[in-house]
Amino acid sequence: MCGRYASSRDARDLAGAFEVEEPAEEALPPSWNVAPTDPVWAVLERDGTRRLKVLRWGLVPSWAKDAKGAARLINARRETVSAKPAFRAAYARRRCLLPADGYYEWQVDGTRKQPWFLTSADGGPLAMAGLYEVWSPPEGERLWTCTVITTEAADDTGHIHDRTPLVVPRTDWDRWLDPEVEDPGEHLLVPAVSGGLDGWPVGPAVGNVRNDGPELVQPLPPETSATLF
C-alpha cells in the first residue's frame, strides 16, 4: 500500500513538470510526511483543461452519506479498481495524477519494521495514478478527495513491500487524464517495472505524522543501515 509520501515541490515547479494549463488557485506548503486526510496536489483535466488542484487524500464517493470513511480509502488496488463500487465511477471519468517526490514503505523483519524511502531513479517527480471525487454535503462546500492506485511491486523493490503506487508514464498522461476515455487501457494497469525506482532505509521519525522536514528522507548512515538485517 501507499500510506505516506513526500511532496515538496511548489505549484510553479509542478505546473511546468506536468504541463498544466490552469495554475492552482490554492497554496500548499511542502511536506515530507504526507498522511491520509492531508491536502495534496493533484493534476486533473476538466472542461478540456489540465489543472493543478488541492484535494484531500482519502476518497469519499459521490454517493456516500458522510465523509467518515475517507481515511480507509487512501488506496485502490489496480486489480479491482474498475469494478469496486467505491472506485468504478471515478475510474471511468475522474482519473488524476498525484505528484510525489517519493513514498515510504515499511519493511517487516520479524517484529521490526524498517521504513524505506522510494523515489524516481531519474530524480524527477513521480506521477502516481489516482482517482478523484467531488462530494456534496447536505450543507457547506463541496469536498474534493482522492485515492492512490496501487499495483504489485517490481522484483527489485518487492523485498521491501509487495505493493507500490502505480506510476503513469509521461507518454500516457494525456490518455489517463482524459475524462472522455472511460477505460484508459489494460496496458496502464500493470505491475511496476523494474529499474524505475531508487530507495534507501530512513529513520523511524517518519512514523509519527507530527514530524516533517527534509531530514525524513535522508538515508541512514551506512554503519546504521548495515546492522538492520
# chains A, B, ... in the order shown; residues from 1 in each chain; ligands from 1
call {"tool": "closest_atom_pairs", "arguments": {"of": "stretch 13-49 of chain A", "to": "stretch 102-112 of chain A", "cutoff": "12 Å", "atoms": "only C-alpha atoms", "output": "tab-separated table"}}
result
residue	atom	partner	partner_atom	distance
A:Ser31	CA	A:Gly102	CA	11.2
A:Trp32	CA	A:Gly102	CA	9.0
A:Asn33	CA	A:Tyr104	CA	8.9
A:Val34	CA	A:Tyr103	CA	9.0
A:Ala35	CA	A:Tyr104	CA	10.6
call {"tool": "select_by_dssp", "arguments": {"residues": "stretch 24-152 of chain A", "states": "helix (DSSP H, G or I)", "output": "MDAnalysis selection string"}}
result
chainID A and resid 70:72 88:93
call {"tool": "write_last_selection", "arguments": {"atoms": "C-alpha atoms", "output": "PDB file, in the first residue's frame"}}
result
ATOM      1  CA  ALA A  70     -12.291   8.644   3.789  1.00  0.00           C
ATOM      2  CA  ALA A  71      -9.252   7.517   5.800  1.00  0.00           C
ATOM      3  CA  ARG A  72      -9.968   3.913   4.770  1.00  0.00           C
ATOM      4  CA  ARG A  88     -15.532   2.407 -10.599  1.00  0.00           C
ATOM      5  CA  ALA A  89     -17.290   5.700 -11.393  1.00  0.00           C
ATOM      6  CA  ALA A  90     -14.146   7.712 -10.653  1.00  0.00           C
ATOM      7  CA  TYR A  91     -12.041   5.285 -12.694  1.00  0.00           C
ATOM      8  CA  ALA A  92     -14.298   5.858 -15.695  1.00  0.00           C
ATOM      9  CA  ARG A  93     -14.415   9.663 -15.534  1.00  0.00           C
TER      10      ARG A  93
END
call {"tool": "closest_atom_pairs", "arguments": {"of": "stretch 74-124 of chain A", "to": "stretch 196-209 of chain A", "cutoff": "6 Å", "atoms": "only C-alpha atoms", "output": "CSV"}}
result
residue,atom,partner,partner_atom,distance
A:Pro115,CA,A:Val202,CA,5.8
A:Trp116,CA,A:Pro201,CA,4.3
A:Phe117,CA,A:Gly199,CA,5.4
A:Leu118,CA,A:Gly199,CA,4.2
A:Thr119,CA,A:Asp198,CA,5.4
A:Ser120,CA,A:Leu197,CA,4.7
A:Ala121,CA,A:Leu197,CA,4.8
call {"tool": "residues_around", "arguments": {"residues": "stretch 22-30 of chain A", "least_positions_apart": "6", "cutoff": "8 Å", "atoms": "only C-alpha atoms", "output": "ChimeraX atom specification"}}
result
/A:7-12,15,39-41,49-54
call {"tool": "residues_around", "arguments": {"residues": "A:Ser136", "least_positions_apart": "6", "cutoff": "10 Å", "atoms": "only C-alpha atoms", "output": "ChimeraX atom specification"}}
result
/A:60-67,142-144
call {"tool": "write_last_selection", "arguments": {"atoms": "N, CA and C atoms", "output": "compact mmCIF listing (two decimals), in the first residue's frame"}}
result
# COMPACT_ATOMS: atom_id res chain seq x y z
N VAL A 60 -13.87 10.03 -0.89
CA VAL A 60 -15.26 9.98 -0.45
C VAL A 60 -16.11 9.85 -1.70
N PRO A 61 -16.71 8.69 -1.96
CA PRO A 61 -17.54 8.53 -3.15
C PRO A 61 -18.67 9.55 -3.19
N SER A 62 -19.09 9.91 -4.38
CA SER A 62 -20.13 10.93 -4.51
C SER A 62 -21.43 10.51 -3.86
N TRP A 63 -21.66 9.18 -3.75
CA TRP A 63 -22.92 8.70 -3.18
C TRP A 63 -22.85 8.46 -1.67
N ALA A 64 -21.69 8.71 -1.05
CA ALA A 64 -21.53 8.46 0.38
C ALA A 64 -22.46 9.36 1.20
N LYS A 65 -22.96 8.82 2.32
CA LYS A 65 -23.83 9.60 3.19
C LYS A 65 -23.05 10.61 4.02
N ASP A 66 -21.78 10.27 4.32
CA ASP A 66 -20.92 11.20 5.05
C ASP A 66 -19.48 10.94 4.63
N ALA A 67 -18.55 11.72 5.21
CA ALA A 67 -17.15 11.64 4.82
C ALA A 67 -16.32 10.84 5.82
N ARG A 142 -18.45 21.84 -1.31
CA ARG A 142 -18.15 20.51 -1.84
C ARG A 142 -16.75 20.08 -1.41
N LEU A 143 -16.59 18.78 -1.23
CA LEU A 143 -15.32 18.22 -0.78
C LEU A 143 -14.68 17.45 -1.93
N TRP A 144 -13.46 17.84 -2.30
CA TRP A 144 -12.70 17.18 -3.36
C TRP A 144 -11.70 16.22 -2.70
